[in-house]
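Peer 1: Let me begin by handing over the structure; questions about it come next.
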Amino acid sequence: MTGDRARRDMRVLVERLYPLCRSITGDGVRATFDIVGEHLDLDVHEVPTGTQVLDWTVPKEWNIRDAYVKDASGARVVDFRRSNLHVVGYSVPVSATMTLEELRPRLHTLPEQPDLVPYRTSYYAETWGFCLSRRTLDGMGEGPYEVLIDSTLADGHLTYAEHVVRGRSDEEVLISCHVCHPSLANDNLAGIAVATALAGRLAGEIGRPRYTYRFLFAPGTIGAITWLARNRDRLGRIRYGLTLACAGDRGALTYKRSRRGDAGIDRVMTAVLRDRPHTIVDFSPYGYDERQFCSPGFDLPVGSLTRTPYAGYPEYHTSGDDLGFVTPSAMADTLETLWSAVEVLERDSRYENLSPYGEPQLGRRGLYGSLGGRSDTKQAQMAMLWVLNLSDGDHSLLDVADRSGLPFQAVAEATAALEGAGLLKRVGEDA
Amino acid sequence: MTGDRARRDMRVLVERLYPLCRSITGDGVRATFDIVGEHLDLDVHEVPTGTQVLDWTVPKEWNIRDAYVKDASGARVVDFRRSNLHVVGYSVPVSATMTLEELRPRLHTLPEQPDLVPYRTSYYAETWGFCLSRRTLDGMGEGPYEVLIDSTLADGHLTYAEHVVRGRSDEEVLISCHVCHPSLANDNLAGIAVATALAGRLAGEIGRPRYTYRFLFAPGTIGAITWLARNRDRLGRIRYGLTLACAGDRGALTYKRSRRGDAGIDRVMTAVLRDRPHTIVDFSPYGYDERQFCSPGFDLPVGSLTRTPYAGYPEYHTSGDDLGFVTPSAMADTLETLWSAVEVLERDSRYENLSPYGEPQLGRRGLYGSLGGRSDTKQAQMAMLWVLNLSDGDHSLLDVADRSGLPFQAVAEATAALEGAGLLKRVGEDA
Amino acid sequence: MTGDRARRDMRVLVERLYPLCRSITGDGVRATFDIVGEHLDLDVHEVPTGTQVLDWTVPKEWNIRDAYVKDASGARVVDFRRSNLHVVGYSVPVSATMTLEELRPRLHTLPEQPDLVPYRTSYYAETWGFCLSRRTLDGMGEGPYEVLIDSTLADGHLTYAEHVVRGRSDEEVLISCHVCHPSLANDNLAGIAVATALAGRLAGEIGRPRYTYRFLFAPGTIGAITWLARNRDRLGRIRYGLTLACAGDRGALTYKRSRRGDAGIDRVMTAVLRDRPHTIVDFSPYGYDERQFCSPGFDLPVGSLTRTPYAGYPEYHTSGDDLGFVTPSAMADTLETLWSAVEVLERDSRYENLSPYGEPQLGRRGLYGSLGGRSDTKQAQMAMLWVLNLSDGDHSLLDVADRSGLPFQAVAEATAALEGAGLLKRVGEDA
C-alpha cells in the first residue's frame with residue numbers, strides 16, 4: 001500500500017503546482033518542471049517557436065504578469081492575481097477602458113454553474129478575454145471599466161520534460177501526462193503528482209526493471225505532437241503506454257482502451273482493474289493525448305487511465321477543480337493501480353510445465369496439503385493447479401490470471417513456488 | 001422526409017391493387033403490373049406452363065370469374081364478388097348442389113377469429129374450397145346449397161416483372177416483393193407500393209447511381225424460383241438484396257439477416273436501423289422469398305425487411321389484413337429506411353487520412369472552433385475526428401459509423417468536409 | 001424414457017455398493033468390481049505397488065478390518081462397523097489407550113455441521129485418525145479410551161476396471177468414474193450406477209455402435225493417472241470423453257467443459273442440455289479426473305457431467321451423502337441425458353443437399369402439406385427446411401440443431417425423411 005509519505009508528497013506537490021499559471025508554453029511550465037525536478041531527474045527540452053512538428057507549428061510563447069478588470073472605484077472586479085483562470089489562455093495584451101456592453105463579448109461565464117469560473121483558451125486564434133463567475137458578471141454595473149492584460153506573445157519556446165528509468169530492455173513503457181493547465185487540480189496536477197510518485201517508486205523498489213520506463217510531461221496536443229515529431233524513429237520501442245489524467249478525484253478508475261483495443265496495455269489494465277471498482281471504455285479519438293499517440297499513422301499501444309474521465313464531472317474545466325476536489329486517498333489508489341500494472345509488466349511471462357502428463361504429485365514436493373477430502377481448497381493451491389494446467393508455452397501468467405479469475409499476484413507466487421520445485425521453465429526471451 | 005405526394009401515391013396504389021384477385025399466375029397479376037406500370041417502366045415476362053425451373057415446373061395458369069355458395073332463396077351466402085379471399089386459391093371449377101354436411105369439408109374458417117375470413121391456397125394439389133368467417137358458417141342451415149366456382153386451370157403462363165435503374169456499375173442491388181396475394185393489404189400490396197415509390201425516388205433524386213438497382217415483382221416461391229432459374233448466370237452481380245414485405249403495418253421495422261449473417265446488406269441494414277425502433281433477427285429458411293435467394297446453392301446476400309414480420313400479427317393471412325391495416329405513415333417510414341440504406345450504398349467507401357501522424361490541425365483549415373476548453377464538442381467535430389482516426393484504408397465510412405456510434409449521415413458529411421480540405425483520399429475502386 | 005427396470009437396477013446397485021469400504025486400493029474396490037461385474041463384462045487390472053505411473057508411484061495397498069474408539073465401559077463411541085467414514089482413509093494400524101486430550105488431534109469433525117461425519121483421507125502421508133460428528137465429540141468424557149485401527153498398509157496392488165463396447169470405428173468415447181470413495185452415495189456410487197446402466201443400454205439398444213465406448217472405473221487421481229500411463233499410445237483414439245460423478249442428487253445437471261472449451265464433447269453436451277434445466281461451466285483444473293485427462297500434456301477432449309457439481313452441496317464429503325441423498329429419478333435423468341448424447345454421437349454427420357438451388361418441391365415428394373396459407377408450420381417441416389438450407393457439406397446435423405434451435409432428434413428425423421426422398425447425401429467418412 002502507498003505509504004503516508006507518498007500520499008503527503010503527492011498532496012504537497014499538487015499544492016505547490018496549483019498557483020502557477022501554466023499554458024502550452026511559457027514560464028509556468030518551466031516553474032512546474034523546476035518543482036517536479038526536485039523529485040526526479042528531468043531532461044527539459046526547449047523547442048523554438050516556428051518549428052514544424054508533424055502537421056503543426058510550434059506557436060509563439062505566452063507569458064503573463066497581471067490582468068484585471070477594474071471598476072471606477074479602482075477595485076479589481078476580475079483579478080488574475082486571485083486566480084489565473086480569470087484570463088483566457090494565450091490572451092494577447094490589452095489596455096483599454098470599456099463599458100460593460102463593449103466588454104461583454106470578451107467575458108466568459110457558466111450560466112448553469114453561476115459560482116464557478118470557466119477555463120478557456122485560444123491558442124491558435126489571437127484574441128483576448130476574461131473568465132468569471134456568472135455571479136460576478138451579474139453584479140457588474142455598466143462601467144466604464146479599466147481593462148488590462150499584461151501578457152506577451154512572442155517568439156520563444158515550447159517546453160517539455162522527460163524522466164527515464166532505464167531497464168534491461170530497450171523496449172519502453174510510456175507514461176504521459178499533460179502539464180498545460182493552470183489552476184486545475186485534478187486536470188492535471190494530480191496526474192503529474194501520481195506520475196512523479198510512480199517514477200520515484202520504480203527507482204526505489206525495483207533495481208533495474210525489465211522495461212525502460214519513460215515519463216513524459218508535456219503540454220497537451222502540441223506537446224505530444226512535438227514529442228512524437230522529434231522521436232519518430234524511436235516510437236517502435238514503445239511496447240506499452242498510458243496517458244494519465246484526472247488521477248485524484250473521488251470517482252472510480254476508468255480505463256480507456258487503445259485504438260487497437262487488444263494491445264498488451266489493454267489486457268494488463270483490464271487484469272489490474274478486474275477486482276477494483278472500475279469502468280472500461282473503448283477508444284475514441286477525443287480526450288487526452290491518446291488522440292495523438294493513437295492517430296492512425298502511429299497507432300501506438302497507448303491507453304488512458306483516469307478516475308472520472310475527461311469532461312465527466314461538473315467541475316471539469318472550471319474553478320471547481322480546485323485543491324479540495326482531489327484527495328490523497330484517490331491519488332494513492334491511482335498510484336497503487338499503476339504499481340500493480342508495473343508488477344504485471346515486470347513479471348508476466350510464458351512458462352512450460354515440465355511434468356505436463358497428469359498432475360505432478362505436489363504433496364511429495366511439499367506444495368500440497370496432505371489431508372485429502374476437504375473441499376475448502378485454498379487460493380494458493382488453485383493457483384498452482386491453474387499455472388500447471390495452462391503452462392503449455394502458449395499461455396502467459398496474465399492468461400492464467402484471466403482464465404482462472406485469480407489475482408495476478410497469486411498466480412505469480414504460485415509460479416515462483418513451482419519454478420522453485422523444478423516443475424516450470426520460463427519460455428522465450430525476456431519481455 | 002417522404003413528402004405528402006409519395007404518401008398519397010402509395011396509399012392510392014394500395015387501394016387500386018386491393019380488389020384484384022391475384023394468385024401465382026393469371027390475369028390478376030397482369031392487371032397488377034398494368035397499374036404499377038403507370039409509375040415505372042416494367043419488363044413483363046411470361047413463362048409458359050410446364051417450363052422446368054430448378055426443381056419445379058411452372059404450373060397451369062389459374063383464372064376465375066365468379067364463385068359463390070347460394071342458399072335455397074338464391075342469396076349468396078359466400079360471394080367471391082364481395083371478397084376474393086372467399087375462394088381457395090387455385091380452386092378447380094365446380095358446379096354442384098350440396099348439403100352443408102357435404103360441403104363442410106370444403107369450408108375453411110378461423111374458429112378463434114370468428115369474424116375473419118382466412119386466406120388459403122392449393123397450388124400443387126388440385127382441389128377446391130371456400131373460405132368464410134366462422135360467424136357465417138355458424139349461421140348456415142343444412143342446405144341444400146348451389147355451389148359454383150367459375151374458374152379455369154389450364155396451360156398458360158406465369159407472369160413476373162422487373163424494373164431496372166441502371167447504375168455506373170453492373171453490380172446490382174435487388175429489391176424483391178411478392179405479388180401473388182389477392183386482397184391482403186400489408187402482405188403484400190404495401191411492399192409493392194413502397195418498392196414502386198423507392199424506384200421512383202431513385203430515378204428522381206439520383207442521376208446515375210453507383211449500383212444498378214433491380215426491382216423484382218414476382219409471385220412468391222415459384223416466381224422467385226422462375227426468376228432464379230432464368231438468371232443463373234447473372235446472379236453473381238447481386239451485391240446486396242432485400243425481400244420487402246409487410247411494409248405498411250403500424251409495428252416497428254424488422255430486419256432478418258441473410259443466410260450468411262455477415263453480408264454487406266446485413267451491416268448496412270443494421271446501421272440504418274440502429275437509431276430507429278427495430279428488431280433484427282437471424283436468418284431462418286421460412287418466410288418470404290429470401291428462402292429461395294438464400295438456398296445453399298445460391299446463398300445470395302439477401303436479407304428481408306418487414307415491419308411486423310411474417311405471421312407475426314393476428315390479421316396475417318386473413319381478411320383483417322385490409323386497407324385499414326396499413327397506414328401511409330408506416331409505408332413512408334419503410335420508404336425512408338430504404339432510402340437511408342440507398343444513401344449508405346451510394347456513399348460508403350474507404351478513405352485514407354493524408355495526414356495520419358497526429359491529428360492534423362483542423363483549426364488552421366477552418367474546420368474546428370478556435371476557443372478551447374469547452375467540453376460540449378459537437379457531433380460534426382467528433383465525426384471529423386473519427387473519420388480521421390479510422391481512415392487508414394481498412395475502414396469504410398460504415399465502419400466509422402459503427403464504431404463511433406455516429407449516424408452514417410454525419411460521418412459522410414464530415415468526410416466530405418475533410419476531403420474538401422485535402423485531408424482525405426478515397427481508396428480503391430468505385431463500389 | 002428410462003424404464004422402471006433401469007431405475008430399480010440403479011437403486012439396487014447403489015444400495016449394494018454403499019456399505020463397502022472403498023479406498024484408492026484394496027479389497028473394497030475389488031468387491032465393488034465383483035458387483036458391477038454381475039452387470040457388465042469387466043477387465044480388471046491389478047497394478048503392483050511401486051509401479052511408476054507418470055509423475056506418481058502406485059502406493060501401498062490399504063485394507064481394514066475394524067476400528068473403534070472404546071470408552072471405559074467398553075462401548076464403541078466411534079465404530080467403523082457403523083460407518084466406514086469413521087476412519088481416515090489409509091490410516092496406519094494403531095492400538096493404544098489414550099486420553100481425550102491425547103486423542104483430540106486425531107479426531108476430525110465438522111463444527112458447522114455438528115450431526116455429520118466428515119470424509120477424510122491421507123493417502124500419501126502416513127498417519128491415522130478418526131472422523132466423527134461434532135455432537136459425538138462433545139459428548140465424550142476425558143477418557144481414557146481404547147483406540148484400535150486394525151488396518152494393513154503393505155505392498156499390493158492398485159485395482160481398476162474397464163468395460164468396452166466395440167464400435168465400427170476404433171475412435172473411442174471414454175466414460176470415466178471414480179470408485180475410491182467409501183459410503184458416499186452421490187459421490188460416486190450414483191455415477192457408477194449410471195455408467196453401468198448406460199453400458200447395458202448401449203449393448204441392448206444399439207447393435208454395433210459407430211464409436212467404441214470405453215467405461216473406466218478407477219480410483220480418483222492415482223487411478224486415472226495409472227490408466228493414462230498404461231494407455232499413452234492409445235489416447236489419440238479418444239474423440240469424446242466424460243467424467244461422471246454426483247449423478248444422483250436432486251439438483252439440475254451441470255456440464256463442465258473440457259480444457260479446450262470447444263471440443264466436440266462440449267458442443268454435444270451443450271446441445272443435449274439446451275432444453276433441460278442445466279448449468280454449463282468452464283473448465284477448471286479442480287474437481288474429478290478431468291484434471292488428469294485435461295492436463296496440458298494430454299489435453300484430451302474430456303468434459304465432466306454431474307448434477308450438483310463437485311463440492312457444491314453441504315452434504316458433500318460427509319455422512320449426509322447417504323442413500324437418501326440420491327434418487328432413482330435423478331439417476332434416470334442423468335442416464336437419459338447421456339443417452340441423448342449417445343444419440344447425437346451415433347447420428348451426427350454432415351450432409352449435402354442434392355437440390356441446393358432454391359427449395360426442392362417437397363409437396364411433390366409427399367413431404368409437405370398441400371394446403372398453403374396456414375402459418376402454424378410444424379416442427380417437422382421447419383426441420384426439413386433447416387436441414388436443406390444448411391446441408392452444404394460444411395454443417396453437421398448438430399450445427400443445424402444449434403442454429404435452428406430445434407431438437408437434435410427432430411433434425412435427425414427430418415434428415416432421414418429427406419435422405420429417403422433422395423434429396424440428401426451424407427458427406428465424408430463415418431465418424
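Residue names in the C-alpha cells use chain letters A, B, ... in the order shown, residue numbers from 1 in each chain, and ligand numbers from 1 in the order shown.
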What lies within 9 Å of Ser329 of chain A using only C-alpha atoms, ignoring chain neighbours under 6 positions off, as JSON, numbers by chain?
Peer 2: {"A": [7, 248, 250]}
Peer 1: So which residues touch Val411 of chain B within 8 Å, counting only C-alpha atoms, skipping near sequence neighbours fewer than 2 positions away, as a ChimeraX atom specification?
Peer 2: /B:383-384,387,397,400-401,406-409,413-415
Peer 1: Under the rule of at most 7 Å, produce a per-residue listing of chain A near chain B: chain, number, name, the closest pair of atoms, and the distance in Å, as CSV, using only C-alpha atoms.
Peer 2:
```
residue,atom,partner,partner_atom,distance
A:Leu54,CA,B:Tyr357,CA,6.6
A:Asp55,CA,B:Pro360,CA,5.4
A:Trp56,CA,B:Gln361,CA,6.2
A:Tyr119,CA,B:Gly373,CA,6.0
A:Arg120,CA,B:Gly373,CA,4.9
A:Thr121,CA,B:Gly372,CA,5.0
A:Ser122,CA,B:Leu371,CA,5.0
A:Tyr124,CA,B:Ser370,CA,6.8
A:Ala125,CA,B:Ser370,CA,6.1
A:Ile225,CA,B:Gly358,CA,6.3
A:Pro285,CA,B:Leu385,CA,5.9
A:Gln292,CA,B:Gly358,CA,4.5
A:Phe293,CA,B:Gly358,CA,6.8
A:Ser295,CA,B:Gly358,CA,5.1
A:Pro296,CA,B:Pro356,CA,5.4
A:Gly297,CA,B:Pro356,CA,4.5
A:Phe298,CA,B:Tyr357,CA,6.0
A:Ala311,CA,B:Ser375,CA,6.0
A:His317,CA,B:Gly373,CA,6.7
```
Peer 1: Now that the selection is made, can you save its residues with N, CA and C atoms as a short mmCIF file (atom, residue, chain, number, x, y, z; two decimals), in the first residue's frame?
Peer 2:
```
data_model
loop_
_atom_site.label_atom_id
_atom_site.label_comp_id
_atom_site.auth_asym_id
_atom_site.auth_seq_id
_atom_site.Cartn_x
_atom_site.Cartn_y
_atom_site.Cartn_z
N LEU A 54 5.14 17.64 -37.24
CA LEU A 54 4.05 16.95 -37.96
C LEU A 54 3.23 17.98 -38.73
N ASP A 55 1.93 18.00 -38.57
CA ASP A 55 1.09 18.95 -39.32
C ASP A 55 1.03 20.31 -38.65
N TRP A 56 1.73 20.49 -37.54
CA TRP A 56 1.59 21.70 -36.73
C TRP A 56 2.89 22.50 -36.72
N TYR A 119 -12.69 27.63 -17.57
CA TYR A 119 -11.33 27.63 -18.10
C TYR A 119 -11.43 27.68 -19.62
N ARG A 120 -10.85 28.73 -20.19
CA ARG A 120 -10.92 28.89 -21.65
C ARG A 120 -9.54 29.26 -22.19
N THR A 121 -9.30 28.85 -23.43
CA THR A 121 -8.03 29.17 -24.09
C THR A 121 -8.29 29.51 -25.54
N SER A 122 -7.33 30.17 -26.13
CA SER A 122 -7.40 30.41 -27.59
C SER A 122 -5.99 30.42 -28.13
N TYR A 124 -4.63 29.28 -30.98
CA TYR A 124 -4.26 29.41 -32.39
C TYR A 124 -5.03 30.50 -33.13
N ALA A 125 -5.90 31.22 -32.39
CA ALA A 125 -6.55 32.40 -32.96
C ALA A 125 -6.30 33.53 -31.99
N ILE A 225 2.46 16.21 -29.84
CA ILE A 225 2.80 16.23 -31.26
C ILE A 225 4.28 16.57 -31.45
N PRO A 285 -11.50 9.05 -30.40
CA PRO A 285 -10.43 9.98 -30.76
C PRO A 285 -10.65 11.35 -30.12
N GLN A 292 -3.30 11.68 -29.98
CA GLN A 292 -2.12 11.80 -30.84
C GLN A 292 -1.38 10.47 -30.94
N PHE A 293 -1.18 9.83 -29.80
CA PHE A 293 -0.42 8.57 -29.82
C PHE A 293 -1.16 7.50 -30.65
N SER A 295 -3.19 8.19 -33.21
CA SER A 295 -3.55 8.60 -34.58
C SER A 295 -3.12 7.46 -35.51
N PRO A 296 -3.81 7.33 -36.66
CA PRO A 296 -3.63 6.09 -37.42
C PRO A 296 -2.21 5.88 -37.94
N GLY A 297 -1.47 6.94 -38.16
CA GLY A 297 -0.09 6.76 -38.64
C GLY A 297 0.81 6.17 -37.58
N PHE A 298 0.54 6.48 -36.31
CA PHE A 298 1.35 5.92 -35.23
C PHE A 298 0.69 4.67 -34.65
N ALA A 311 -14.06 15.32 -19.02
CA ALA A 311 -15.34 16.02 -19.12
C ALA A 311 -16.48 15.29 -18.42
N HIS A 317 -12.87 21.56 -16.01
CA HIS A 317 -12.52 22.81 -16.69
C HIS A 317 -13.23 24.00 -16.09
#
```
Peer 1: If you run DSSP over the backbone, which residues in segment 284-398 of chain C end up helix (DSSP H, G or I)? Put them as a PyMOL selection string.
Peer 2: chain C and resi 290-293+323-325+328-347+363-365+379-390+397-398
Peer 1: Enumerate as number ranges by chain all residues of segment 106-340 of chain A assigned to strand (DSSP E or B) by DSSP on the backbone, naming them with the chain letters and numbers the document uses.
Peer 2: A: 107-108, 118, 121, 130-131, 145-154, 157-165, 172-178, 212-218, 238-244, 253-256, 278-281, 302-306, 318
